[in-house]
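Here the structure comes first, spelled out in structure tokens, and everything after it is commentary.
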Amino acid sequence: MEHYSSQALILRVKDVGESDLLVLFFTADSGLRKGIAKGGRKSRKRFVNCLDHFCLSQLEYHRKKENQLFLLDSCKLIRAFEAVRTDYHLLALASYFAELAEALFPLHVEADQMF
């Protein structure tokens, strides 16, 4: 089982099932990654405010097998970038760049200069 800890920019969050979240995040050391936050919608300790769109967070995650999604263990908010979420034009621009990053960067390829 591989364990990781890195700073990540949260690009997209999608509800999965009753209480889980599918998270697309971009890390400096490992590039673009996808992971599941089990109980992420209901969690009051592990994922409080740090899995919102365009937040910079310190993530701890792991995966059991090479071809599986990552499982997020915990996260800590570093910076929320409130201005992006309150200004419509900045939000549209950030969303565009998030989609662009997803299209340009393959999963699990190091992209430290782009972070």
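Ligands are numbered from 1 in the order shown, residues from 1 within each chain, and chains are lettered A, B, ... in the order they appear in the structure tokens.
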
Residues flagged helix (DSSP H, G or I) by DSSP in chain A, as an mmCIF file with N, CA and C atoms, in the first residue's frame:
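After the write, out-v5.cif holds the following:
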data_model
loop_
_atom_site.group_PDB
_atom_site.id
_atom_site.type_symbol
_atom_site.label_atom_id
_atom_site.label_comp_id
_atom_site.auth_asym_id
_atom_site.auth_seq_id
_atom_site.Cartn_x
_atom_site.Cartn_y
_atom_site.Cartn_z
ATOM 1 N N GLU A 82 -10.764 32.739 -1.414
ATOM 2 C CA GLU A 82 -12.150 33.213 -1.351
ATOM 3 C C GLU A 82 -12.506 34.130 -2.515
ATOM 4 N N ALA A 83 -11.563 34.943 -2.962
ATOM 5 C CA ALA A 83 -11.851 35.881 -4.053
ATOM 6 C C ALA A 83 -12.277 35.153 -5.320
ATOM 7 N N VAL A 84 -11.726 33.981 -5.552
ATOM 8 C CA VAL A 84 -12.084 33.207 -6.745
ATOM 9 C C VAL A 84 -13.534 32.754 -6.667
ATOM 10 N N ARG A 85 -13.974 32.367 -5.496
ATOM 11 C CA ARG A 85 -15.337 31.845 -5.362
ATOM 12 C C ARG A 85 -16.395 32.932 -5.228
ATOM 13 N N THR A 86 -16.002 34.162 -4.959
ATOM 14 C CA THR A 86 -16.989 35.236 -4.811
ATOM 15 C C THR A 86 -17.097 36.121 -6.051
ATOM 16 N N TYR A 88 -17.566 36.272 -10.015
ATOM 17 C CA TYR A 88 -18.025 35.416 -11.103
ATOM 18 C C TYR A 88 -16.982 35.280 -12.211
ATOM 19 N N HIS A 89 -16.345 36.357 -12.590
ATOM 20 C CA HIS A 89 -15.364 36.313 -13.679
ATOM 21 C C HIS A 89 -14.130 35.492 -13.288
ATOM 22 N N LEU A 90 -13.663 35.650 -12.064
ATOM 23 C CA LEU A 90 -12.531 34.836 -11.599
ATOM 24 C C LEU A 90 -12.910 33.364 -11.511
ATOM 25 N N LEU A 91 -14.139 33.092 -11.085
ATOM 26 C CA LEU A 91 -14.615 31.709 -10.998
ATOM 27 C C LEU A 91 -14.679 31.066 -12.384
ATOM 28 N N ALA A 92 -15.187 31.808 -13.356
ATOM 29 C CA ALA A 92 -15.253 31.291 -14.726
ATOM 30 C C ALA A 92 -13.855 31.029 -15.278
ATOM 31 N N LEU A 93 -12.935 31.937 -15.021
ATOM 32 C CA LEU A 93 -11.556 31.772 -15.487
ATOM 33 C C LEU A 93 -10.880 30.580 -14.809
ATOM 34 N N ALA A 94 -11.064 30.445 -13.509
ATOM 35 C CA ALA A 94 -10.478 29.315 -12.777
ATOM 36 C C ALA A 94 -11.075 27.993 -13.249
ATOM 37 N N SER A 95 -12.375 27.974 -13.520
ATOM 38 C CA SER A 95 -13.020 26.753 -14.022
ATOM 39 C C SER A 95 -12.480 26.375 -15.395
ATOM 40 N N TYR A 96 -12.259 27.379 -16.229
ATOM 41 C CA TYR A 96 -11.686 27.135 -17.551
ATOM 42 C C TYR A 96 -10.294 26.519 -17.426
ATOM 43 N N PHE A 97 -9.453 27.086 -16.558
ATOM 44 C CA PHE A 97 -8.106 26.557 -16.392
ATOM 45 C C PHE A 97 -8.113 25.172 -15.742
ATOM 46 N N ALA A 98 -9.091 24.887 -14.901
ATOM 47 C CA ALA A 98 -9.208 23.549 -14.315
ATOM 48 C C ALA A 98 -9.528 22.524 -15.400
ATOM 49 N N GLU A 99 -10.458 22.868 -16.299
ATOM 50 C CA GLU A 99 -10.781 21.972 -17.409
ATOM 51 C C GLU A 99 -9.595 21.818 -18.355
ATOM 52 N N LEU A 100 -8.881 22.900 -18.575
ATOM 53 C CA LEU A 100 -7.700 22.863 -19.433
ATOM 54 C C LEU A 100 -6.619 21.959 -18.838
ATOM 55 N N ALA A 101 -6.399 22.067 -17.543
ATOM 56 C CA ALA A 101 -5.410 21.209 -16.868
ATOM 57 C C ALA A 101 -5.809 19.744 -16.971
ATOM 58 N N GLU A 102 -7.100 19.464 -16.815
ATOM 59 C CA GLU A 102 -7.569 18.079 -16.918
ATOM 60 C C GLU A 102 -7.376 17.532 -18.326
ATOM 61 N N ALA A 103 -7.554 18.381 -19.330
ATOM 62 C CA ALA A 103 -7.394 17.941 -20.713
ATOM 63 C C ALA A 103 -5.925 17.789 -21.108
ATOM 64 N N LEU A 104 -5.057 18.661 -20.597
ATOM 65 C CA LEU A 104 -3.656 18.665 -21.017
ATOM 66 C C LEU A 104 -2.768 17.684 -20.264
#

Distance query Leu11 in chain A at most 6 Å, only C-alpha atoms, self and fewer than 4 positions along chain excluded, as a PyMOL selection string: chain A and resi 24-25+53-54+98

Store the residues picked out above in a file with N, CA and C atoms, as a compact mmCIF listing (two decimals), in the first residue's frame.
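Final output, saved to selection16.txt:
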# COMPACT_ATOMS: atom_id res chain seq x y z
N LEU A 24 -10.89 15.55 -7.91
CA LEU A 24 -9.80 15.70 -8.87
C LEU A 24 -8.88 16.77 -8.31
N PHE A 25 -7.62 16.43 -8.09
CA PHE A 25 -6.69 17.38 -7.49
C PHE A 25 -5.36 17.37 -8.23
N HIS A 53 -13.90 23.62 -4.18
CA HIS A 53 -13.24 23.96 -5.44
C HIS A 53 -12.19 25.05 -5.24
N PHE A 54 -11.05 24.86 -5.85
CA PHE A 54 -9.95 25.83 -5.91
C PHE A 54 -9.36 26.16 -4.54
N ALA A 98 -9.09 24.89 -14.90
CA ALA A 98 -9.21 23.55 -14.32
C ALA A 98 -9.53 22.52 -15.40

Minimum-distance residue to Asp73 in chain A, chosen among A:Ala37, A:Leu107, A:Val48, A:Ile10 (using only C-alpha atoms):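 Using only C-alpha atoms, Asp73 in chain A sits closest to A:Ala37.
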
CA of Ser6 in chain A to CA of Asp29 in chain A, straight-line distance in Å: 7.4 Å

All residues 9 Å or closer to Arg41 in chain A, only C-alpha atoms, same chain fewer than 4 positions away omitted, as a VMD selection string: chain A and resid 15 18 to 21 37 47

Within 9 Å of Leu77 in chain A using only C-alpha atoms, minus same-chain residues under 3 positions, as a list in words: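 So the residues in contact are Phe47, Val48, Asn49, Cys50, Leu51, Cys55, Leu56, Ser57, Gln58, Leu59 and Ala80 of chain A.
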
Selected residue of minimal separation from Val23 in chain A among A:Ser5, A:Asp52, A:Phe105, A:Arg44, counting only C-alpha atoms: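 For Val23 in chain A, the nearest of the given residues is A:Asp52.
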
In range 5-109 of chain A, DSSP strand (DSSP E or B) residues written as a PyMOL selection string: chain A and resi 5-16+20-27+31-37+56-63+70-79+107

Point-to-point distance in Å for CA of Pro106 in chain A and CA of Gly39 in chain A: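 Interatomic distance here is 26.9 Å.
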
Atom pair CA of Arg46 in chain A / CA of Lys76 in chain A: separation (Å): 8.0 Å

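Residue nearest Glu60 in chain A within the list A:Met1, A:Leu22, A:Val109, A:Ala8: A:Ala8 [criterion: smallest interatomic distance, only C-alpha atoms].
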
Contacts of Asn67 in chain A within 12 Å, only C-alpha atoms, excl. fewer than 3 positions in-chain, as a VMD selection string: chain A and resid 34 to 35 63 to 64 70 107 to 108

Put those residues in a file: C-alpha atoms, as a compact mmCIF listing (two decimals), in the first residue's frame.
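Final output, again_22.txt:
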# COMPACT_ATOMS: atom_id res chain seq x y z
CA LYS A 34 -8.29 11.40 -8.74
CA GLY A 35 -9.38 10.11 -5.39
CA ARG A 63 -4.11 3.40 -2.71
CA LYS A 64 -4.00 -0.34 -2.37
CA PHE A 70 -6.66 7.04 -4.42
CA LEU A 107 -3.19 11.35 -14.60
CA HIS A 108 -0.19 10.58 -12.35
